[in-house]
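Structure file entry-v3.cif; described as mmCIF, C-alpha atoms.
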data_structure
#
loop_
_atom_site.label_atom_id
_atom_site.label_comp_id
_atom_site.auth_asym_id
_atom_site.auth_seq_id
_atom_site.Cartn_x
_atom_site.Cartn_y
_atom_site.Cartn_z
CA MET A 14 0.00 0.00 0.00
CA ASP A 15 2.57 2.45 -1.15
CA GLY A 16 0.05 5.22 -1.64
CA VAL A 17 -1.10 5.05 1.93
CA VAL A 18 2.41 5.20 3.29
CA GLN A 19 3.13 8.19 1.15
CA LEU A 20 -0.02 9.96 2.22
CA GLN A 21 0.77 9.23 5.80
CA LYS A 22 4.22 10.68 5.47
CA GLN A 23 2.83 13.73 3.78
CA LEU A 24 0.42 14.23 6.63
CA VAL A 25 3.01 13.75 9.32
CA ASP A 26 5.41 16.15 7.65
CA TYR A 27 2.77 18.76 7.08
CA SER A 28 1.56 18.52 10.61
CA ALA A 29 5.10 18.80 11.96
CA SER A 30 5.69 21.92 9.91
CA LEU A 31 2.73 23.65 11.49
CA PHE A 32 4.19 23.07 14.90
CA ASP A 33 7.69 24.01 13.82
CA GLU A 34 6.46 27.27 12.40
CA GLY A 35 4.64 28.07 15.60
CA ILE A 36 1.28 28.17 13.90
CA LEU A 37 -0.01 25.47 16.18
CA ASP A 38 1.04 24.62 19.69
CA GLU A 39 0.73 21.81 22.21
CA GLN A 40 -2.93 22.50 22.82
CA PHE A 41 -3.72 21.23 19.35
CA ASN A 42 -2.12 17.95 20.33
CA GLN A 43 -4.37 17.87 23.35
CA LEU A 44 -7.38 18.15 21.11
CA GLN A 45 -6.17 15.32 18.94
CA GLN A 46 -5.89 13.14 22.00
CA LEU A 47 -9.54 13.76 22.69
CA GLN A 48 -10.51 12.26 19.38
CA ASP A 49 -11.26 8.58 19.14
CA GLU A 50 -13.57 6.09 17.47
CA SER A 51 -16.53 7.36 19.43
CA ASN A 52 -15.77 10.94 18.44
CA PRO A 53 -13.86 10.69 15.18
CA ASP A 54 -14.59 14.24 14.08
CA PHE A 55 -13.96 16.02 17.29
CA VAL A 56 -11.04 18.12 16.13
CA VAL A 57 -12.75 19.19 12.94
CA GLU A 58 -15.85 20.11 14.91
CA VAL A 59 -14.05 22.22 17.46
CA VAL A 60 -11.96 23.91 14.84
CA SER A 61 -15.08 24.68 12.81
CA LEU A 62 -16.57 26.34 15.84
CA PHE A 63 -13.38 28.30 16.19
CA PHE A 64 -13.59 29.46 12.59
CA GLU A 65 -17.17 30.63 12.98
CA ASP A 66 -16.49 32.31 16.26
CA SER A 67 -13.36 34.04 14.99
CA GLU A 68 -14.96 35.33 11.85
CA ARG A 69 -17.75 36.81 13.87
CA LEU A 70 -15.29 38.43 16.25
CA LEU A 71 -13.07 39.81 13.51
CA ASN A 72 -16.13 41.30 11.93
CA GLU A 73 -17.21 42.89 15.17
CA LEU A 74 -13.73 44.21 15.73
CA GLY A 75 -13.69 45.86 12.34
CA LYS A 76 -16.97 47.56 13.06
CA ALA A 77 -16.03 48.64 16.54
CA LEU A 78 -12.80 50.21 15.39
CA GLU A 79 -14.56 52.14 12.66
CA GLN A 80 -16.73 54.01 15.10
CA GLN A 81 -16.30 57.73 15.64
CA THR A 82 -15.70 57.08 19.27
CA VAL A 83 -14.14 53.72 19.74
CA ASP A 84 -15.47 51.71 22.63
CA PHE A 85 -12.23 50.15 23.76
CA LYS A 86 -13.92 48.08 26.41
CA LYS A 87 -15.92 46.42 23.74
CA VAL A 88 -12.92 45.95 21.52
CA ASP A 89 -11.00 44.48 24.40
CA ALA A 90 -13.83 42.10 25.20
CA HIS A 91 -13.83 40.79 21.65
CA VAL A 92 -10.08 40.38 21.60
CA HIS A 93 -10.22 38.61 24.93
CA GLN A 94 -12.68 36.14 23.45
CA LEU A 95 -10.56 35.61 20.41
CA LYS A 96 -7.50 35.11 22.53
CA GLY A 97 -9.36 32.54 24.57
CA SER A 98 -10.66 30.47 21.73
CA SER A 99 -7.42 30.54 19.77
CA SER A 100 -5.64 29.42 22.89
CA SER A 101 -8.10 26.58 23.36
CA ILE A 102 -7.42 25.12 19.96
CA GLY A 103 -3.73 25.83 19.86
CA ALA A 104 -3.67 28.61 17.28
CA GLN A 105 -0.57 30.06 18.83
CA ARG A 106 0.20 32.96 16.55
CA VAL A 107 -3.31 34.31 16.70
CA GLN A 108 -3.27 34.03 20.46
CA LYS A 109 0.01 35.86 20.79
CA LEU A 110 -1.14 38.71 18.60
CA CYS A 111 -4.19 39.11 20.77
CA ILE A 112 -2.00 39.82 23.73
CA GLY A 113 -0.44 42.80 22.00
CA PHE A 114 -3.82 43.83 20.75
CA ARG A 115 -5.16 44.04 24.26
CA ASN A 116 -2.28 46.27 25.24
CA TYR A 117 -3.25 48.74 22.56
CA CYS A 118 -6.80 48.64 23.86
CA GLU A 119 -5.58 49.49 27.28
CA GLU A 120 -3.68 52.41 25.84
CA LEU A 121 -6.77 53.51 23.94
CA ASN A 122 -4.67 53.44 20.81
CA THR A 123 -6.88 53.17 17.74
CA GLU A 124 -4.05 53.10 15.27
CA GLY A 125 -2.31 50.38 17.15
CA CYS A 126 -5.52 48.41 17.35
CA LEU A 127 -6.16 48.71 13.65
CA LYS A 128 -2.68 47.52 12.89
CA CYS A 129 -3.15 44.57 15.20
CA LEU A 130 -6.45 43.73 13.64
CA GLN A 131 -4.76 43.49 10.26
CA GLN A 132 -2.11 41.22 11.65
CA VAL A 133 -4.63 39.04 13.43
CA LYS A 134 -6.70 38.74 10.29
CA HIS A 135 -3.64 37.67 8.40
CA GLU A 136 -2.60 35.06 10.91
CA TYR A 137 -6.13 33.82 11.28
CA SER A 138 -6.39 33.41 7.56
CA LEU A 139 -3.16 31.51 7.55
CA VAL A 140 -4.08 29.10 10.33
CA LYS A 141 -7.43 28.53 8.71
CA THR A 142 -5.88 27.62 5.38
CA LYS A 143 -3.32 25.40 7.02
CA LEU A 144 -5.85 23.54 9.12
CA GLU A 145 -8.13 23.05 6.17
CA THR A 146 -5.23 21.57 4.29
CA LEU A 147 -4.40 19.36 7.22
CA PHE A 148 -7.94 18.07 7.39
CA LYS A 149 -7.96 17.48 3.67
CA LEU A 150 -4.82 15.39 3.92
CA GLU A 151 -6.41 13.40 6.72
CA ARG A 152 -9.49 12.76 4.63
CA GLN A 153 -7.37 11.64 1.71
CA LEU A 154 -5.45 9.28 3.90
CA ILE A 155 -8.58 7.75 5.32
CA ALA A 156 -10.15 7.48 1.90
CA ALA A 157 -7.10 5.59 0.71
CA GLY A 158 -7.60 3.14 3.51
CA GLY A 159 -5.03 4.47 5.89
CA SER A 160 -5.39 5.70 9.42
CA ILE A 161 -4.17 8.86 11.03
CA PRO A 162 -0.98 8.26 12.93
CA THR A 163 -1.24 9.32 16.55
CA MET B 6 -28.23 10.29 53.52
CA ASP B 7 -30.60 11.01 50.79
CA GLY B 8 -31.07 7.56 49.47
CA ASN B 9 -34.59 8.36 48.30
CA PHE B 10 -33.42 10.39 45.42
CA LEU B 11 -31.31 7.72 43.81
CA VAL B 12 -33.79 5.01 44.46
CA SER B 13 -36.64 6.90 42.87
CA ARG B 14 -34.56 7.71 39.86
CA ARG B 15 -33.61 4.16 39.28
CA MET B 16 -37.15 3.03 39.62
CA ILE B 17 -38.24 5.50 37.03
CA ASP B 18 -35.59 4.44 34.64
CA GLY B 19 -36.20 0.83 35.36
CA PHE B 20 -32.62 -0.16 35.99
CA ASP B 21 -31.70 0.20 32.37
CA VAL B 22 -28.88 2.12 30.74
CA SER B 23 -29.10 4.93 33.21
CA SER B 24 -28.25 2.71 36.09
CA SER B 25 -24.72 3.08 34.85
CA ASP B 26 -25.22 6.81 34.94
CA SER B 27 -25.23 6.87 38.66
CA ASP B 28 -21.68 5.59 38.69
CA GLU B 29 -20.39 8.57 36.85
CA ALA B 30 -19.94 11.84 38.59
CA HIS B 31 -21.91 14.68 37.11
CA VAL B 32 -20.15 17.91 36.33
CA LEU B 33 -21.82 21.20 35.56
CA ALA B 34 -19.55 23.17 33.26
CA VAL B 35 -20.08 26.90 32.81
CA ASP B 36 -18.40 28.88 30.04
CA ASP B 37 -19.63 31.58 27.71
CA SER B 38 -17.29 30.50 24.94
CA LEU B 39 -18.74 27.95 22.57
CA VAL B 40 -15.32 26.61 21.66
CA ASP B 41 -14.33 26.18 25.28
CA ARG B 42 -17.62 24.54 26.14
CA LYS B 43 -17.08 21.97 23.48
CA VAL B 44 -13.56 21.29 24.63
CA ILE B 45 -14.33 21.08 28.32
CA GLU B 46 -17.28 18.86 27.63
CA ARG B 47 -15.14 16.44 25.71
CA LEU B 48 -12.38 16.56 28.29
CA LEU B 49 -14.87 15.69 30.97
CA LYS B 50 -16.61 12.94 29.05
CA ILE B 51 -13.39 11.26 28.10
CA SER B 52 -12.51 11.31 31.78
CA SER B 53 -15.72 9.46 32.54
CA PHE B 54 -17.81 12.30 33.84
CA LYS B 55 -21.35 13.07 32.93
CA VAL B 56 -21.53 16.63 31.72
CA THR B 57 -24.01 19.42 31.51
CA ALA B 58 -22.56 22.49 29.83
CA VAL B 59 -24.22 25.88 30.13
CA ASP B 60 -23.24 29.23 28.76
CA SER B 61 -23.69 31.51 31.74
CA GLY B 62 -23.75 31.77 35.51
CA ARG B 63 -27.40 32.56 35.26
CA ARG B 64 -28.15 29.33 33.49
CA ALA B 65 -26.02 27.45 35.95
CA LEU B 66 -28.10 28.80 38.79
CA GLN B 67 -31.25 27.99 36.90
CA PHE B 68 -30.02 24.48 36.39
CA LEU B 69 -29.34 24.11 40.05
CA GLY B 70 -32.68 25.62 40.83
CA LEU B 71 -31.21 28.57 42.64
CA ASP B 72 -32.27 31.28 40.28
CA GLU B 73 -36.02 31.03 40.46
CA GLU B 74 -38.37 30.15 43.22
CA LYS B 75 -36.87 28.37 46.14
CA SER B 76 -38.78 25.17 45.60
CA ALA B 77 -37.10 24.86 42.24
CA SER B 78 -39.07 21.99 40.89
CA VAL B 79 -38.79 23.42 37.45
CA GLY B 80 -37.57 20.21 36.04
CA PHE B 81 -33.92 20.66 35.32
CA ASP B 82 -32.47 19.28 38.38
CA GLY B 83 -33.08 15.60 38.14
CA LEU B 84 -29.40 14.97 38.22
CA LYS B 85 -27.28 15.61 41.22
CA VAL B 86 -24.29 17.79 40.53
CA ASP B 87 -21.02 16.56 41.93
CA LEU B 88 -18.78 19.35 40.80
CA ILE B 89 -19.05 22.70 39.13
CA ILE B 90 -16.34 23.98 36.86
CA THR B 91 -16.71 27.53 35.69
CA ASP B 92 -14.91 30.11 33.65
CA TYR B 93 -14.00 33.24 35.51
CA CYS B 94 -14.50 35.92 32.87
CA MET B 95 -18.04 35.83 31.65
CA PRO B 96 -20.40 38.62 30.72
CA GLY B 97 -23.21 39.14 33.18
CA MET B 98 -22.26 37.01 36.11
CA THR B 99 -18.60 36.21 36.52
CA GLY B 100 -17.40 32.84 37.71
CA TYR B 101 -16.47 34.47 40.96
CA GLU B 102 -19.99 35.75 41.48
CA LEU B 103 -21.35 32.33 40.64
CA LEU B 104 -18.97 30.80 43.15
CA LYS B 105 -20.21 33.15 45.83
CA LYS B 106 -23.83 32.37 45.12
CA ILE B 107 -23.17 28.69 45.34
CA LYS B 108 -21.28 28.98 48.57
CA GLU B 109 -24.05 31.11 50.01
CA SER B 110 -26.58 28.43 49.32
CA SER B 111 -27.18 25.98 52.09
CA THR B 112 -28.21 23.38 49.56
CA PHE B 113 -25.30 23.67 47.23
CA ARG B 114 -22.43 25.03 49.20
CA GLU B 115 -20.93 21.60 49.60
CA ILE B 116 -20.51 21.14 45.88
CA PRO B 117 -16.88 21.66 44.96
CA VAL B 118 -16.33 24.53 42.56
CA VAL B 119 -13.34 24.86 40.30
CA ILE B 120 -12.53 28.08 38.50
CA MET B 121 -10.91 28.31 35.06
CA SER B 122 -9.26 31.40 33.72
CA SER B 123 -6.96 32.40 30.94
CA GLU B 124 -5.56 35.11 33.14
CA ASN B 125 -2.93 34.00 35.50
CA VAL B 126 -3.43 36.57 38.21
CA LEU B 127 -2.49 35.75 41.77
CA ALA B 128 -4.92 38.19 43.31
CA ARG B 129 -7.71 36.61 41.37
CA ILE B 130 -6.65 33.12 42.32
CA ASP B 131 -6.44 34.04 45.97
CA ARG B 132 -9.81 35.68 45.93
CA CYS B 133 -11.41 32.58 44.47
CA LEU B 134 -9.73 30.23 46.86
CA GLU B 135 -10.75 32.40 49.76
CA GLU B 136 -14.30 32.30 48.60
CA GLY B 137 -14.17 28.54 48.72
CA ALA B 138 -13.09 27.38 45.30
CA GLU B 139 -11.38 24.02 45.35
CA ASP B 140 -8.97 24.84 42.63
CA PHE B 141 -8.06 27.28 39.93
CA ILE B 142 -7.11 26.02 36.49
CA VAL B 143 -5.28 28.22 34.05
CA LYS B 144 -6.56 27.87 30.52
CA PRO B 145 -6.20 26.26 28.11
CA VAL B 146 -7.52 23.31 30.04
CA LYS B 147 -5.69 20.06 29.53
CA LEU B 148 -6.59 16.46 30.10
CA SER B 149 -4.31 16.31 33.11
CA ASP B 150 -6.21 19.21 34.69
CA VAL B 151 -9.48 17.40 34.30
CA LYS B 152 -8.17 14.14 35.64
CA ARG B 153 -7.27 15.90 38.85
CA LEU B 154 -10.89 16.87 39.32
CA LYS B 155 -11.64 13.43 40.61
CA ASP B 156 -9.85 14.42 43.77
CA TYR B 157 -12.49 16.99 44.50
CA MET B 158 -15.39 14.77 43.82
CA MET B 159 -18.23 14.38 46.13
CA ARG B 160 -19.58 11.03 45.21
CA GLU B 161 -21.91 10.13 48.00
CA ASP B 162 -25.62 10.44 47.62
CA GLY B 163 -27.54 13.10 49.29
CA VAL B 164 -24.75 15.58 49.74
CA GLY B 165 -26.36 17.75 47.15
CA SER B 166 -29.66 16.84 48.76
CA GLU B 167 -31.79 17.31 45.73
CA ASN B 168 -35.01 15.84 46.93
CA ARG B 169 -36.84 16.01 43.72
CA GLY B 170 -37.77 12.91 41.88
CA GLY B 171 -35.60 12.90 38.85
CA ILE B 172 -38.46 12.54 36.46
CA ASN B 173 -37.52 15.37 34.24
CA LYS B 174 -33.90 14.77 33.84
CA ARG B 175 -34.38 14.39 30.12
CA LYS B 176 -35.58 17.94 30.04
CA LEU B 177 -32.11 19.20 30.65
CA GLN B 178 -31.70 19.56 26.94
CA ASP B 179 -34.55 22.00 26.51
CA CYS B 180 -33.43 24.63 28.83
CA CYS B 181 -29.72 24.44 28.94
CA ASP B 182 -28.66 26.50 26.04
CA LEU B 183 -26.14 24.79 23.86
CA SER B 184 -25.82 21.95 26.25
CA SER B 185 -25.08 19.14 23.94
CA SER B 186 -24.40 16.66 26.63
CA GLU B 187 -27.29 14.38 27.24
CA PRO B 188 -27.28 12.90 30.65
CA SER B 189 -28.51 9.65 29.28
CA ASN B 190 -25.86 9.12 26.72
CA SER B 191 -23.56 6.23 27.12
CA SER B 192 -20.41 7.04 28.92
CA SER B 193 -17.60 7.47 26.49
CA PRO B 194 -15.20 4.60 26.16
CA SER B 195 -12.67 6.41 28.17
CA SER B 196 -9.75 4.40 29.40
CA SER B 197 -7.81 3.72 26.25
CA SER B 198 -7.50 7.22 25.00
CA SER B 199 -7.65 9.07 28.23
CA GLU B 200 -4.14 8.27 29.24
CA SER B 201 -2.36 11.32 27.97
CA PRO B 202 1.02 9.98 26.99
CA SER B 203 3.18 12.51 28.74
CA ARG B 204 2.90 14.79 25.76
CA SER B 205 2.14 17.77 27.79
CA PRO B 206 5.09 18.56 29.90
CA PRO B 207 4.05 19.95 33.22
CA SER B 208 4.51 23.46 31.95
CA SER B 209 3.32 24.60 35.28
CA SER B 210 6.58 24.03 37.00
CA SER B 211 6.23 25.60 40.37
CA PRO B 212 7.23 29.22 40.34
CA PRO B 213 9.94 30.12 42.74
CA SER B 214 9.01 30.92 46.29
CA ILE B 215 5.48 32.13 46.15
CA PRO B 216 4.43 32.09 49.73
CA THR B 217 1.08 30.41 49.82
CA PRO B 218 -0.39 27.76 52.01
CA LEU B 219 -2.23 26.09 49.22
CA ASP B 220 -0.03 24.02 47.07
CA SER B 221 -2.12 22.53 44.32
CA PRO B 222 -3.41 25.46 42.31
CA ILE B 223 -0.10 27.19 42.39
CA ARG B 224 1.59 24.21 40.87
CA ARG B 225 -0.54 24.73 37.87
CA LEU B 226 0.31 28.32 37.33
CA LYS B 227 1.78 28.86 33.96
CA MET B 228 4.16 31.70 34.07
CA THR B 229 3.76 33.55 30.87
CA THR B 230 4.56 37.06 29.85
CA THR B 231 0.98 37.99 30.56
CA ASP B 232 1.62 37.25 34.15
CA LEU B 233 0.04 39.69 36.52
CA ILE B 234 -1.61 41.72 33.83
CA ASP B 235 -5.11 42.56 34.81
#
Represent the structure of the file as structure tokens.
Amino acid sequence: MDGVVQLQKQLVDYSASLFDEGILDEQFNQLQQLQDESNPDFVVEVVSLFFEDSERLLNELGKALEQQTVDFKKVDAHVHQLKGSSSSIGAQRVQKLCIGFRNYCEELNTEGCLKCLQQVKHEYSLVKTKLETLFKLERQLIAAGGSIPT
Amino acid sequence: MDGNFLVSRRMIDGFDVSSSDSDEAHVLAVDDSLVDRKVIERLLKISSFKVTAVDSGRRALQFLGLDEEKSASVGFDGLKVDLIITDYCMPGMTGYELLKKIKESSTFREIPVVIMSSENVLARIDRCLEEGAEDFIVKPVKLSDVKRLKDYMMREDGVGSENRGGINKRKLQDCCDLSSSEPSNSSSPSSSSSESPSRSPPSSSSPPSIPTPLDSPIRRLKMTTTDLID
């Protein structure tokens, strides 16, 4: 089953790269450990929730920062949420950016916040693409008759 | 000892699947974040707990029957709660406020409460412990954190003294917003996958010389650069 072995290697390498590049951290491993035969789609499900939640928050952040008078408490609350959920799934870069973002909120710095928002959007987009690719590789592997190495 | 409660429940369920339910401790998880609720729910189930997850302190109190009329036979509370785990930062009622309400209640004050927070703030931790929290877990929550919960379990009957016949335990679903955990579902096949293979290093290596009488929560402090930011 040469194809399966190859797919498996591809998956392992890709996964490793995400950790090496700091896009994902240990918490993502934790999630994978929570997946088993009784809950085979757990990771995909949680991550999907993360995507939905994040997109909503990024949207809200954009709107809040466009206001004449920025409500920094509100902005901070959104960032706090985003920081929390990214932390829970192991999206390390997004989480780290949120920390800086909150500092700008505290300083009531709109410019700083806007800059952060751009960065967060970028990193979010990246982790989303990467995870979608990861899941696709997993699906391919399973479809070929292989199983995801743990 | 409130043996009545368990007996009546079993009789209603006729000793079927749910008789195994009574072996599993029931945890009420409170978190406003959908992502975190899903994760904590899974963490708990894989550790052989029964879970009810709610999205606010308000709902938690409703579930316990503390929010509305004292008699609280509104139908949610067919299941005894053995432990409450709650997020600290929540809109409306914070985890701290929820903790206080629970400790103020003669019916529920014995239930162990564990606080979770992404903010690693000593003052906050102390405040919660002083108010009676059993433990304080710094997020993100890991499997090892959840396994420790068993230490705080109150497993005996009647401690929660919920004297209502558990007829309506199925109704939990209706009223607990986003609670996807059905009390009647089969306990997850835990053992095999629940052994976290020392992947997660104890990142919470004890910080140097923090003078505190309570050892356990401090061990789990993760010293990050956000330390002490509030």
Open item on the list: Once the PyMOL selection byres ((chain B) within 7 of (chain A)) is applied to the coordinates I shared, what remains selected? I want it as a list in words.
Closed with: Val40, Asp41, Lys43, Arg47, Leu48, Ser123, Pro145, Lys147 and Ser198 of chain B
Starting from the shown file, work through the PyMOL selection byres ((chain B and resi 42) around 10) and note down what comes out as a PDB file with C-alpha atoms, in the frame of the given file.
ATOM      1  CA  VAL A  59     -14.050  22.220  17.460  1.00  0.00           C
TER       2      VAL A  59
ATOM      3  CA  ALA B  34     -19.550  23.170  33.260  1.00  0.00           C
ATOM      4  CA  VAL B  35     -20.080  26.900  32.810  1.00  0.00           C
ATOM      5  CA  ASP B  36     -18.400  28.880  30.040  1.00  0.00           C
ATOM      6  CA  ASP B  37     -19.630  31.580  27.710  1.00  0.00           C
ATOM      7  CA  SER B  38     -17.290  30.500  24.940  1.00  0.00           C
ATOM      8  CA  LEU B  39     -18.740  27.950  22.570  1.00  0.00           C
ATOM      9  CA  VAL B  40     -15.320  26.610  21.660  1.00  0.00           C
ATOM     10  CA  ASP B  41     -14.330  26.180  25.280  1.00  0.00           C
ATOM     11  CA  LYS B  43     -17.080  21.970  23.480  1.00  0.00           C
ATOM     12  CA  VAL B  44     -13.560  21.290  24.630  1.00  0.00           C
ATOM     13  CA  ILE B  45     -14.330  21.080  28.320  1.00  0.00           C
ATOM     14  CA  GLU B  46     -17.280  18.860  27.630  1.00  0.00           C
ATOM     15  CA  ARG B  47     -15.140  16.440  25.710  1.00  0.00           C
ATOM     16  CA  LEU B  48     -12.380  16.560  28.290  1.00  0.00           C
ATOM     17  CA  THR B  57     -24.010  19.420  31.510  1.00  0.00           C
ATOM     18  CA  ALA B  58     -22.560  22.490  29.830  1.00  0.00           C
ATOM     19  CA  VAL B  59     -24.220  25.880  30.130  1.00  0.00           C
ATOM     20  CA  ASP B  60     -23.240  29.230  28.760  1.00  0.00           C
ATOM     21  CA  ASP B  92     -14.910  30.110  33.650  1.00  0.00           C
ATOM     22  CA  LEU B 183     -26.140  24.790  23.860  1.00  0.00           C
ATOM     23  CA  SER B 184     -25.820  21.950  26.250  1.00  0.00           C
ATOM     24  CA  SER B 185     -25.080  19.140  23.940  1.00  0.00           C
TER      25      SER B 185
END
Open item on the list: Can you measure CA of Lys76 in chain A to CA of Lys128 in chain A for me? One decimal in Å is fine.
Closed with: 14.3 Å
Open item on the list: Which residue is closest to Gln67 in chain B? Choose from B:Met121, B:Arg114, B:Leu33, B:Leu134 and count all atoms listed in the file.
Closed with: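 The closest residue to Gln67 in chain B is B:Leu33.
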Produce the centre coordinates and the three edge lengths, each in Å to one decimal, of the box along x, y and z that contains all listed atoms of range 56-70 of chain A with 6 Å added on each side, as lines of an AutoDock Vina configuration file.
center_x = -14.4
center_y = 28.3
center_z = 14.7
size_x = 18.7
size_y = 32.3
size_z = 17.6
- [ ] Tell me which protein, DNA and RNA residues are within 8 Å of Leu150 in chain A, counting all atoms listed in the file, leaving out same-chain ones fewer than 6 positions away, and put them as a list in words.
- [x]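 Everything that qualifies: Leu20, Gln23 and Leu24 of chain A.
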Open item on the list: Assuming the chain letters and numbering stay as they are in my file, what does the PyMOL selection byres ((chain B and resi 65) around 12) actually select? List them as a PyMOL selection string.
Closed with: chain B and resi 32-37+57-64+66-73+81-82+86+88-92+98-100+102-104+106-107+113+177+180-182+184
Please produce a file of the residues just selected, as an mmCIF file, keeping the file's coordinate frame, where the atoms kept are C-alpha atoms.
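Contents of result.cif, freshly written:
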data_model
loop_
_atom_site.group_PDB
_atom_site.id
_atom_site.type_symbol
_atom_site.label_atom_id
_atom_site.label_comp_id
_atom_site.auth_asym_id
_atom_site.auth_seq_id
_atom_site.Cartn_x
_atom_site.Cartn_y
_atom_site.Cartn_z
ATOM 1 C CA VAL B 32 -20.150 17.910 36.330
ATOM 2 C CA LEU B 33 -21.820 21.200 35.560
ATOM 3 C CA ALA B 34 -19.550 23.170 33.260
ATOM 4 C CA VAL B 35 -20.080 26.900 32.810
ATOM 5 C CA ASP B 36 -18.400 28.880 30.040
ATOM 6 C CA ASP B 37 -19.630 31.580 27.710
ATOM 7 C CA THR B 57 -24.010 19.420 31.510
ATOM 8 C CA ALA B 58 -22.560 22.490 29.830
ATOM 9 C CA VAL B 59 -24.220 25.880 30.130
ATOM 10 C CA ASP B 60 -23.240 29.230 28.760
ATOM 11 C CA SER B 61 -23.690 31.510 31.740
ATOM 12 C CA GLY B 62 -23.750 31.770 35.510
ATOM 13 C CA ARG B 63 -27.400 32.560 35.260
ATOM 14 C CA ARG B 64 -28.150 29.330 33.490
ATOM 15 C CA LEU B 66 -28.100 28.800 38.790
ATOM 16 C CA GLN B 67 -31.250 27.990 36.900
ATOM 17 C CA PHE B 68 -30.020 24.480 36.390
ATOM 18 C CA LEU B 69 -29.340 24.110 40.050
ATOM 19 C CA GLY B 70 -32.680 25.620 40.830
ATOM 20 C CA LEU B 71 -31.210 28.570 42.640
ATOM 21 C CA ASP B 72 -32.270 31.280 40.280
ATOM 22 C CA GLU B 73 -36.020 31.030 40.460
ATOM 23 C CA PHE B 81 -33.920 20.660 35.320
ATOM 24 C CA ASP B 82 -32.470 19.280 38.380
ATOM 25 C CA VAL B 86 -24.290 17.790 40.530
ATOM 26 C CA LEU B 88 -18.780 19.350 40.800
ATOM 27 C CA ILE B 89 -19.050 22.700 39.130
ATOM 28 C CA ILE B 90 -16.340 23.980 36.860
ATOM 29 C CA THR B 91 -16.710 27.530 35.690
ATOM 30 C CA ASP B 92 -14.910 30.110 33.650
ATOM 31 C CA MET B 98 -22.260 37.010 36.110
ATOM 32 C CA THR B 99 -18.600 36.210 36.520
ATOM 33 C CA GLY B 100 -17.400 32.840 37.710
ATOM 34 C CA GLU B 102 -19.990 35.750 41.480
ATOM 35 C CA LEU B 103 -21.350 32.330 40.640
ATOM 36 C CA LEU B 104 -18.970 30.800 43.150
ATOM 37 C CA LYS B 106 -23.830 32.370 45.120
ATOM 38 C CA ILE B 107 -23.170 28.690 45.340
ATOM 39 C CA PHE B 113 -25.300 23.670 47.230
ATOM 40 C CA LEU B 177 -32.110 19.200 30.650
ATOM 41 C CA CYS B 180 -33.430 24.630 28.830
ATOM 42 C CA CYS B 181 -29.720 24.440 28.940
ATOM 43 C CA ASP B 182 -28.660 26.500 26.040
ATOM 44 C CA SER B 184 -25.820 21.950 26.250
#
